[in-house]
Every structure is written in C-alpha cells, then in structure tokens.
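Visitor: Input file: my_file34.txt. Contents: compact mmCIF, C-alpha atoms and all ligand atoms.
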```txt
# COMPACT_ATOMS: atom_id res chain seq x y z
CA MET A 44 18.20 8.11 10.83
CA ILE A 45 14.56 8.76 10.15
CA GLY A 46 13.50 10.11 6.82
CA GLU A 47 10.42 10.75 4.79
CA LEU A 48 10.68 11.03 1.03
CA SER A 49 8.26 13.47 -0.52
CA LEU A 50 8.46 12.26 -4.06
CA LEU A 51 6.08 14.36 -6.06
CA SER A 52 5.95 18.10 -6.11
CA SER A 53 2.80 19.57 -4.67
CA SER A 54 2.16 21.26 -8.02
CA VAL A 55 1.05 17.90 -9.40
CA PHE A 56 -1.52 17.62 -6.64
CA SER A 57 -4.22 20.21 -7.27
CA PRO A 58 -7.10 20.23 -4.80
CA ALA A 59 -10.21 21.94 -6.08
CA PRO A 60 -10.71 25.49 -4.76
CA TYR A 61 -13.55 25.94 -2.31
CA LYS A 62 -16.27 28.57 -2.72
CA GLU A 63 -17.11 31.42 -0.43
CA TYR A 64 -19.77 30.52 2.11
CA THR A 65 -21.35 31.63 5.33
CA LEU A 66 -21.66 29.15 8.17
CA LYS A 67 -22.46 29.73 11.79
CA TYR A 68 -20.91 27.51 14.42
CA THR A 69 -21.00 27.91 18.16
CA GLU A 70 -17.69 28.33 19.95
CA LYS A 71 -18.17 24.92 21.48
CA GLU A 72 -18.60 23.36 18.03
CA ILE A 73 -15.48 25.14 16.76
CA GLU A 74 -13.48 23.73 19.67
CA ARG A 75 -14.87 20.27 18.94
CA ILE A 76 -13.97 20.47 15.22
CA THR A 77 -10.41 21.51 16.04
CA ALA A 78 -10.01 18.78 18.64
CA LEU A 79 -11.52 16.04 16.46
CA ARG A 80 -9.35 16.99 13.45
CA GLY A 81 -6.40 16.79 15.84
CA GLN A 82 -7.48 13.20 16.51
CA ASN A 83 -7.47 12.67 12.73
CA LYS A 84 -11.22 12.14 12.51
CA THR A 85 -12.60 12.48 8.98
CA PHE A 86 -15.07 15.23 8.13
CA PRO A 87 -17.99 12.80 7.75
CA GLU A 88 -17.16 11.40 11.23
CA ILE A 89 -17.03 14.90 12.75
CA ALA A 90 -20.24 15.88 10.97
CA ALA A 91 -22.00 12.82 12.42
CA ILE A 92 -20.82 13.77 15.95
CA LEU A 93 -21.94 17.41 15.58
CA ASN A 94 -25.09 16.62 13.58
CA ARG A 95 -23.82 18.88 10.77
CA THR A 96 -23.16 18.22 7.08
CA PRO A 97 -19.69 16.90 6.10
CA THR A 98 -19.37 19.64 3.44
CA GLY A 99 -20.08 22.38 5.94
CA VAL A 100 -17.57 21.05 8.46
CA ARG A 101 -14.91 20.61 5.79
CA ARG A 102 -15.41 24.14 4.48
CA TYR A 103 -15.17 25.59 7.95
CA ALA A 104 -12.01 23.62 8.68
CA GLU A 105 -10.39 24.60 5.37
CA ARG A 106 -11.14 28.28 5.86
CA ASN A 107 -9.61 28.16 9.31
CA HIS A 108 -6.62 26.02 8.32
CA ILE A 109 -7.72 23.16 10.54
CA THR A 110 -7.29 20.60 7.75
CA ILE A 111 -4.40 18.27 8.53
CA GLN A 112 -4.54 16.06 5.49
CA PRO A 113 -6.76 15.70 2.42
CA ASP A 114 -10.29 14.59 3.13
CA SER A 115 -11.09 11.00 2.20
CA HIS A 116 -14.48 12.32 1.17
CA ASN A 117 -12.92 14.11 -1.81
CA TYR A 118 -9.85 11.98 -2.50
CA ILE A 119 -9.38 8.25 -2.64
CA LYS A 120 -6.66 7.37 -0.16
CA VAL A 121 -4.72 4.23 -1.00
CA ALA A 122 -1.99 2.28 0.79
CA PHE A 123 0.38 0.18 -1.34
CA VAL A 124 2.14 -2.64 0.50
CA ASN A 125 3.97 -5.77 -0.59
CA ASP A 126 6.72 -8.33 -0.11
CA PHE A 127 5.86 -9.59 3.37
CA HIS A 128 7.29 -13.02 2.43
CA ILE A 129 5.37 -14.78 5.20
CA PRO A 130 6.73 -16.55 7.29
CA PHE A 131 9.81 -14.29 6.91
CA HIS A 132 7.78 -11.13 7.57
CA ASP A 133 8.90 -8.56 10.15
CA LYS A 134 6.37 -8.78 12.97
CA ILE A 135 7.28 -5.44 14.57
CA LEU A 136 7.01 -3.76 11.18
CA LEU A 137 3.63 -5.40 10.61
CA ASP A 138 2.31 -4.04 13.93
CA LEU A 139 3.56 -0.58 12.91
CA PHE A 140 1.70 -0.91 9.62
CA TYR A 141 -1.52 -1.80 11.47
CA GLU A 142 -1.01 1.26 13.70
CA PHE A 143 -0.45 3.41 10.62
CA LEU A 144 -3.60 2.11 8.93
CA ALA A 145 -5.68 2.93 12.01
CA TYR A 146 -4.28 6.48 11.80
CA PHE A 147 -4.31 6.99 8.01
CA LYS A 148 -7.69 5.30 7.41
CA PRO A 149 -7.17 4.43 3.74
CA ASP A 150 -10.13 3.87 1.45
CA LYS A 151 -8.28 0.99 -0.22
CA ILE A 152 -5.34 -1.29 0.43
CA PHE A 153 -3.47 -2.58 -2.59
CA LEU A 154 -1.47 -5.69 -1.67
CA ILE A 155 0.97 -5.96 -4.53
CA GLY A 156 2.43 -9.40 -4.22
CA ASP A 157 4.76 -11.73 -2.34
CA LEU A 158 2.48 -11.73 0.68
CA LEU A 159 3.58 -15.33 1.15
CA ASP A 160 7.04 -16.67 0.46
CA CYS A 161 5.73 -20.14 -0.50
CA TYR A 162 9.10 -21.41 0.75
CA SER A 163 8.09 -25.06 0.78
CA LEU A 164 6.93 -24.79 -2.86
CA SER A 165 10.26 -23.37 -4.08
CA PHE A 166 12.35 -25.39 -6.50
CA PHE A 167 15.53 -23.85 -5.03
CA ASP A 168 17.58 -25.64 -2.35
CA LYS A 169 15.99 -25.09 1.06
CA ASP A 170 17.42 -24.69 4.54
CA PRO A 171 15.88 -27.67 6.42
CA THR A 172 15.89 -25.69 9.70
CA ARG A 173 13.62 -23.04 8.15
CA LEU A 174 11.35 -25.42 6.28
CA GLY A 175 7.82 -25.15 7.64
CA ARG A 176 4.52 -26.39 6.36
CA PHE A 177 2.72 -24.52 3.60
CA GLN A 178 -0.38 -24.59 5.80
CA ASP A 179 1.53 -22.61 8.47
CA GLU A 180 2.21 -19.86 5.91
CA LEU A 181 -1.45 -19.85 4.92
CA ASP A 182 -2.58 -19.58 8.54
CA ILE A 183 -0.32 -16.55 9.16
CA ALA A 184 -1.39 -14.94 5.86
CA ASN A 185 -5.06 -15.40 6.73
CA ASN A 186 -4.49 -13.80 10.14
CA VAL A 187 -2.79 -10.84 8.43
CA LEU A 188 -5.69 -10.52 5.97
CA ASN A 189 -8.17 -10.64 8.86
CA GLU A 190 -6.45 -7.70 10.52
CA LEU A 191 -6.08 -5.73 7.27
CA TYR A 192 -9.74 -6.37 6.45
CA ARG A 193 -10.75 -5.14 9.92
CA LEU A 194 -8.82 -1.90 9.35
CA CYS A 195 -9.88 -1.39 5.72
CA PRO A 196 -12.41 -3.74 4.11
CA ASP A 197 -11.61 -2.66 0.52
CA ILE A 198 -8.57 -4.71 -0.51
CA GLU A 199 -7.17 -5.83 -3.85
CA PHE A 200 -4.49 -8.50 -4.08
CA TRP A 201 -1.89 -8.91 -6.83
CA GLU A 202 -0.19 -12.28 -7.04
CA GLY A 203 3.61 -12.03 -6.86
CA ASN A 204 6.23 -14.32 -8.32
CA HIS A 205 6.40 -16.16 -4.96
CA GLU A 206 2.66 -16.91 -4.98
CA ALA A 207 3.09 -17.96 -8.62
CA ARG A 208 5.25 -20.82 -7.27
CA LEU A 209 1.96 -22.54 -6.48
CA THR A 210 0.91 -22.46 -10.15
CA ARG A 211 4.31 -23.79 -11.23
CA HIS A 212 4.05 -26.55 -8.64
CA LEU A 213 0.58 -27.54 -9.84
CA LYS A 214 1.70 -27.54 -13.46
CA LYS A 215 4.38 -30.06 -12.48
CA ASN A 216 1.57 -32.14 -10.96
CA PRO A 217 -1.08 -31.71 -13.67
CA GLN A 218 -3.50 -34.12 -12.02
CA LEU A 219 -4.04 -31.43 -9.35
CA TYR A 220 -4.00 -28.41 -11.69
CA GLY A 221 -7.36 -26.65 -11.85
CA LEU A 222 -8.63 -27.85 -8.48
CA ARG A 223 -10.53 -24.83 -7.13
CA CYS A 224 -9.66 -25.71 -3.53
CA LEU A 225 -5.97 -25.17 -4.44
CA GLU A 226 -6.45 -21.71 -5.96
CA TRP A 227 -5.59 -18.53 -4.04
CA GLU A 228 -9.24 -17.46 -3.95
CA SER A 229 -9.98 -20.54 -1.83
CA LEU A 230 -6.75 -20.75 0.18
CA LEU A 231 -7.00 -17.11 1.30
CA PHE A 232 -10.82 -16.87 1.39
CA LEU A 233 -10.63 -13.95 -1.06
CA LYS A 234 -14.26 -14.19 -2.22
CA GLU A 235 -15.55 -14.22 1.39
CA ARG A 236 -13.54 -11.05 2.05
CA LYS A 237 -14.58 -9.55 -1.33
CA ILE A 238 -10.89 -9.18 -2.20
CA LYS A 239 -10.28 -8.76 -5.92
CA PHE A 240 -7.46 -10.98 -7.23
CA HIS A 241 -5.04 -10.21 -10.08
CA SER A 242 -2.86 -13.00 -11.39
CA TYR A 243 0.89 -12.53 -11.81
CA ALA A 244 0.59 -13.38 -15.48
CA ASP A 245 -1.73 -10.41 -16.12
CA PRO A 246 -0.24 -7.15 -17.41
CA PRO A 247 -0.27 -4.18 -15.00
CA PHE A 248 -3.75 -3.27 -13.91
CA GLY A 249 -4.73 0.39 -14.25
CA PHE A 250 -6.34 2.31 -11.41
CA HIS A 251 -7.17 5.88 -12.49
CA ASN A 252 -4.62 5.41 -15.34
CA PHE A 253 -2.02 4.40 -12.74
CA ARG A 254 -0.50 0.97 -13.42
CA ILE A 255 -0.07 -1.53 -10.61
CA HIS A 256 1.79 -4.85 -10.78
CA HIS A 257 3.98 -6.96 -8.51
CA GLY A 258 6.72 -6.56 -11.09
CA ASN A 259 9.17 -8.77 -12.92
CA ILE A 260 12.11 -6.38 -13.22
CA VAL A 261 14.80 -6.00 -10.56
CA ARG A 262 17.60 -3.54 -11.23
CA LYS A 263 20.59 -3.08 -9.00
CA TRP A 264 19.90 0.37 -7.54
CA SER A 265 16.96 2.12 -5.94
CA GLY A 266 14.92 3.86 -8.63
CA PHE A 267 16.52 1.91 -11.50
CA THR A 268 13.72 -0.67 -11.28
CA ALA A 269 11.19 2.15 -11.54
CA LYS A 270 13.01 3.40 -14.65
CA GLY A 271 12.92 -0.12 -16.13
CA ASN A 272 9.18 -0.35 -15.57
CA GLN A 273 8.59 3.10 -17.05
CA GLU A 274 10.54 2.05 -20.17
CA LYS A 275 8.65 -1.25 -20.39
CA TYR A 276 5.09 -0.15 -19.65
CA GLY A 277 5.08 3.65 -20.07
CA GLY A 278 2.77 6.00 -18.18
CA CYS A 279 2.77 6.04 -14.37
CA GLY A 280 2.68 3.17 -11.90
CA ILE A 281 4.14 1.21 -9.02
CA THR A 282 5.59 -2.25 -8.47
CA GLY A 283 6.93 -4.24 -5.55
CA HIS A 284 9.48 -7.05 -6.09
CA SER A 285 12.72 -5.04 -5.85
CA HIS A 286 12.39 -4.53 -2.04
CA ARG A 287 14.35 -1.28 -2.44
CA GLY A 288 11.97 1.61 -2.90
CA GLY A 289 12.65 4.40 -5.33
CA GLN A 290 11.23 6.62 -8.01
CA PHE A 291 11.82 7.62 -11.59
CA ILE A 292 10.13 10.73 -12.90
CA LYS A 293 10.44 11.99 -16.46
CA ARG A 294 8.97 15.11 -17.97
CA ASN A 295 9.00 16.02 -21.62
CA MET A 296 6.84 18.08 -23.98
CA ALA A 297 4.19 15.32 -24.07
CA GLY A 298 3.73 15.48 -20.29
CA TRP A 299 5.28 13.63 -17.41
CA ASP A 300 5.56 10.01 -16.25
CA GLY A 301 6.36 8.71 -12.78
CA TRP A 302 7.07 5.16 -11.65
CA TRP A 303 7.85 3.92 -8.18
CA ASP A 304 9.24 0.71 -6.78
CA ASN A 305 7.87 0.05 -3.33
CA MET A 306 9.73 -1.02 -0.20
CA CYS A 307 9.20 -4.40 1.53
CA MET A 308 7.60 -5.78 4.72
CA CYS A 309 9.94 -8.73 5.19
CA ARG A 310 12.91 -9.23 7.47
CA LEU A 311 16.24 -7.93 6.20
CA ASP A 312 18.23 -11.13 6.85
CA PRO A 313 17.31 -13.57 4.06
CA GLU A 314 19.27 -16.79 3.95
CA TRP A 315 20.22 -16.36 0.31
CA LYS A 316 21.67 -12.85 0.47
CA ASP A 317 24.30 -11.27 2.68
CA PHE A 318 23.21 -7.76 3.85
CA PRO A 319 20.72 -6.95 1.10
CA ASP A 320 20.32 -3.25 0.25
CA TRP A 321 16.56 -3.46 0.83
CA LEU A 322 14.41 -0.93 2.59
CA GLN A 323 11.30 -1.58 4.67
CA GLY A 324 8.13 0.47 4.34
CA TRP A 325 5.14 1.17 2.14
CA SER A 326 3.58 3.94 0.04
CA VAL A 327 0.38 5.93 0.13
CA ALA A 328 -1.33 7.86 -2.63
CA TYR A 329 -4.24 10.25 -3.00
CA PHE A 330 -6.21 9.99 -6.24
CA THR A 331 -8.62 12.66 -7.38
CA ARG A 332 -11.55 12.08 -9.68
CA LYS A 333 -9.60 13.79 -12.47
CA ASP A 334 -6.74 11.28 -12.47
CA LEU A 335 -4.40 13.59 -10.57
CA PHE A 336 -2.50 11.86 -7.84
CA HIS A 337 0.06 12.47 -5.16
CA LEU A 338 2.23 9.58 -3.97
CA GLU A 339 4.38 9.44 -0.85
CA GLN A 340 6.79 6.69 0.06
CA ILE A 341 7.16 5.93 3.77
CA PRO A 342 10.49 4.31 4.53
CA VAL A 343 10.67 2.63 7.95
CA ILE A 344 14.13 2.73 9.44
CA ASP A 345 14.94 0.72 12.58
CA HIS A 346 11.19 0.32 13.14
CA LYS A 347 10.56 4.07 13.20
CA PHE A 348 9.07 6.45 10.67
CA LEU A 349 7.67 9.93 10.33
CA PHE A 350 4.38 10.67 8.62
CA HIS A 351 3.10 14.22 8.30
CA GLY A 352 5.11 15.33 11.32
CA ARG A 353 4.08 12.43 13.58
CA LEU A 354 6.64 9.90 14.82
CA PHE A 355 5.61 6.25 14.81
CA GLY A 356 7.59 3.51 16.58
CA LYS A 357 9.52 3.56 19.83
FE FE A 401 9.73 -10.16 -2.95
FE FE A 402 8.81 -10.69 -6.02
```
Could you show the structure in this file as structure tokens?

Guide:
Amino acid sequence: MIGELSLLSSSVFSPAPYKEYTLKYTEKEIERITALRGQNKTFPEIAAILNRTPTGVRRYAERNHITIQPDSHNYIKVAFVNDFHIPFHDKILLDLFYEFLAYFKPDKIFLIGDLLDCYSLSFFDKDPTRLGRFQDELDIANNVLNELYRLCPDIEFWEGNHEARLTRHLKKNPQLYGLRCLEWESLLFLKERKIKFHSYADPPFGFHNFRIHHGNIVRKWSGFTAKGNQEKYGGCGITGHSHRGGQFIKRNMAGWDGWWDNMCMCRLDPEWKDFPDWLQGWSVAYFTRKDLFHLEQIPVIDHKFLFHGRLFGK
C-alpha cells in the first residue's frame, strides 16, 4: 500500500494573493516556462534561463496555473529527517531520500537526531556479530553528510539520545571529557560544513515559533508521542525518537496547536525488538515569513512513496 498523509488543512496555509499585472511573453517563452516548471525548476532558475525577473515568471505561472508547488523564493522549504541509526540505516531508503531532495530542493535540512546508533558506546548488552568500530559509524555518517550537504548546504543537526551516548561514555572516563577532538563538531566536521549543532540536553529549539527536538518521550501508538510533546512543551513542533510518525492537533478558543512525531530512516529489523510498529519516511514543511506553516509527512512503504502525485521507488 502506498499512502500520503496530508496532515494540515490547506486553510492553515495561506499564500499571499498576487496583484494584477501585465506581462508580455513570447509563445516560445511560455512553452519554456511550462516545460521547466514540469521539470520542477524554481522560478529564479527559470528566470535566469529566460533572462527575465523571478517575480515576473512566478506571476505569469500563477495566473496560468502552471505552479506545481510553492515557490522556494517566497516560502522556506524544510525537510525533517531523523533516526538513521547508522550503521543500521536502510541504504535503499537513503538513496530514495537523496532522490527526493534533488526533486524537492529544500532550503534547509533539519537532522533531528539518532543519525548514528553509537552501538559500540552503548551500555546495553551487544550482539558480538554486529559489533563494529565506532570509526566505521563515523565514516558512514560523514559520507551521508557529504551527500546531504551536496544536495542542500544549509543543515542543522540535533543530537539524539544515541549520540548522547558519547557524552555519557566520556563522563565515565572523565580524563577524556572536554577533549575537543572527541566532540561531535570535530568528529562530523560540523564547523567545516557550517552545520549548526544543538545538544540533546537543550530544550526544543524554535524555528519560526515551531519547536524542534529529537525528543525524549515515546508513547505506544502513533500520534500519542506527539500528544505527549504537546502537553509537555505546548505550541507546535516536531520530534523524532518514536520511529512511528503521527500527529496531534488541538484547537480551542485560544488558537490551535499541532505536534508531529517523525518517521525513521533505519532498518525495521532491530535486534532488540520483534516486528516493531515503526514507519520509515520523513516530513517536509513550508514556512512563511508570518509564522504560518504547512507540514506534510511522507511515509515510505516497501521503498515506495507518493509526493504531489509523483511515484518514487521501483
Ligand atoms: Fe531512534
Ligand atoms: Fe532516539
């Protein structure tokens, strides 16, 4: 089964009305605009090809219903992704995510924790057949960051509880605690990539009044974690950590609040859980300058998903 959850009514998302205008385009240019929008080119990209202004091209496309999705020029497009648990990530899923990013062209990627499993740093019993070197995890994670950075160079990274295993490990070996070469900024070359880092211990970070955090609540059912976070933090936001995906939306006379728990990017056969009820995928959101937003969750089922009418995956 392939599904796409549209989680927020379009009434919440209110694009600004455009003004009347007069623009003259040749028939050839009109054909080019239609074809390039069909290839999901942004308005600034089309304008550069046609030697026109981005505003003029966008207005023409809007008037003629050529627009396929909101223009990144007017909205900030964000992809939320988390819980890869490298080296237990799903490689096919990861390739699909790269393909999606090339298509969606987000302005920002928010990596919200558990990028690495830090398996070797766990204090739980470990399966010796799965035990690899911590350096191997780091090498894979750095390759993933290289590819993400190539597709979208504006990335923020939230430490998850699995990355926090490193801090716990260092606190047990205080002679090493505080060594800069053992901090995530150094191990993942975050400063070189200009990736902003948020520690797991920090409270949820607000982006346009939208709270983002790896999360420390896991409830049994999809959406219950989102409800727990809404009760704990209030307002609107998203977490990873539950691996389930879900939403909780509440409206009252004071306004409305919406929280989401995001899906995961890891394999669905962990050694510690028999048939977990997790869901793979990620979320995207469009933020306007006036703190309005529209969030869509993209569940990936059997390595296939639909996004705005287009099928991804074989
Ligand atoms: Fe996780
Ligand atoms: Fe987690």

Visitor: Go through A:Leu137, A:Leu194, A:Leu181, A:Cys309 one by one, measure the shortest atom-to-atom distance of each to ligand FE 402 (chain A) using all atoms listed in the file, and give the residue with the smallest value.

Guide: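 Among the listed residues, the smallest separation from ligand FE 402 (chain A) belongs to A:Cys309.
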
Visitor: Check which residues fall inside 8 Å of ligand FE 402 (chain A) when counting all atoms listed in the file, and print them as a ChimeraX atom specification.

Guide: /A:126,156-157,203-205,257-259,283-285

Visitor: Which residues are close to Cys161 in chain A, i.e. within 12 Å by only C-alpha atoms, leaving aside same-chain residues fewer than 6 positions away? Reply as a PyMOL selection string.

Guide: chain A and resi 126-131+167+169+174-181+183-184+202-212+227

Visitor: Go ahead and write the residues just picked, C-alpha atoms, as an mmCIF file, keeping the file's coordinate frame.

Guide:
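Heads up, here's the output in result.cif:
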```cif
data_model
loop_
_atom_site.group_PDB
_atom_site.id
_atom_site.type_symbol
_atom_site.label_atom_id
_atom_site.label_comp_id
_atom_site.auth_asym_id
_atom_site.auth_seq_id
_atom_site.Cartn_x
_atom_site.Cartn_y
_atom_site.Cartn_z
ATOM 1 C CA ASP A 126 6.720 -8.330 -0.110
ATOM 2 C CA PHE A 127 5.860 -9.590 3.370
ATOM 3 C CA HIS A 128 7.290 -13.020 2.430
ATOM 4 C CA ILE A 129 5.370 -14.780 5.200
ATOM 5 C CA PRO A 130 6.730 -16.550 7.290
ATOM 6 C CA PHE A 131 9.810 -14.290 6.910
ATOM 7 C CA PHE A 167 15.530 -23.850 -5.030
ATOM 8 C CA LYS A 169 15.990 -25.090 1.060
ATOM 9 C CA LEU A 174 11.350 -25.420 6.280
ATOM 10 C CA GLY A 175 7.820 -25.150 7.640
ATOM 11 C CA ARG A 176 4.520 -26.390 6.360
ATOM 12 C CA PHE A 177 2.720 -24.520 3.600
ATOM 13 C CA GLN A 178 -0.380 -24.590 5.800
ATOM 14 C CA ASP A 179 1.530 -22.610 8.470
ATOM 15 C CA GLU A 180 2.210 -19.860 5.910
ATOM 16 C CA LEU A 181 -1.450 -19.850 4.920
ATOM 17 C CA ILE A 183 -0.320 -16.550 9.160
ATOM 18 C CA ALA A 184 -1.390 -14.940 5.860
ATOM 19 C CA GLU A 202 -0.190 -12.280 -7.040
ATOM 20 C CA GLY A 203 3.610 -12.030 -6.860
ATOM 21 C CA ASN A 204 6.230 -14.320 -8.320
ATOM 22 C CA HIS A 205 6.400 -16.160 -4.960
ATOM 23 C CA GLU A 206 2.660 -16.910 -4.980
ATOM 24 C CA ALA A 207 3.090 -17.960 -8.620
ATOM 25 C CA ARG A 208 5.250 -20.820 -7.270
ATOM 26 C CA LEU A 209 1.960 -22.540 -6.480
ATOM 27 C CA THR A 210 0.910 -22.460 -10.150
ATOM 28 C CA ARG A 211 4.310 -23.790 -11.230
ATOM 29 C CA HIS A 212 4.050 -26.550 -8.640
ATOM 30 C CA TRP A 227 -5.590 -18.530 -4.040
#
```

Visitor: For the atom pair CA of Val327 in chain A and atom FE of ligand FE 401 (chain A), what is the interatomic distance in Å to one decimal place?

Guide: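 These atoms are spaced 18.9 Å apart.
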
Visitor: Pick the closest to ligand FE 401 (chain A) from A:Leu154, A:Leu159, A:Leu144, A:Ala269: which is it, counting only C-alpha atoms and all ligand atoms?

Guide: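 Under the stated criterion, the closest residue is A:Leu159.
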
Visitor: Please give the centre and size of the box around range 175-188 of chain A (axis-aligned, containing every atom listed in the file, 4 Å added per side), with values in Å to one decimal and written as AutoDock Vina command-line options.

Guide:
```
--center_x 1.1 --center_y -18.5 --center_z 6.9 --size_x 21.5 --size_y 23.9 --size_z 14.5
```
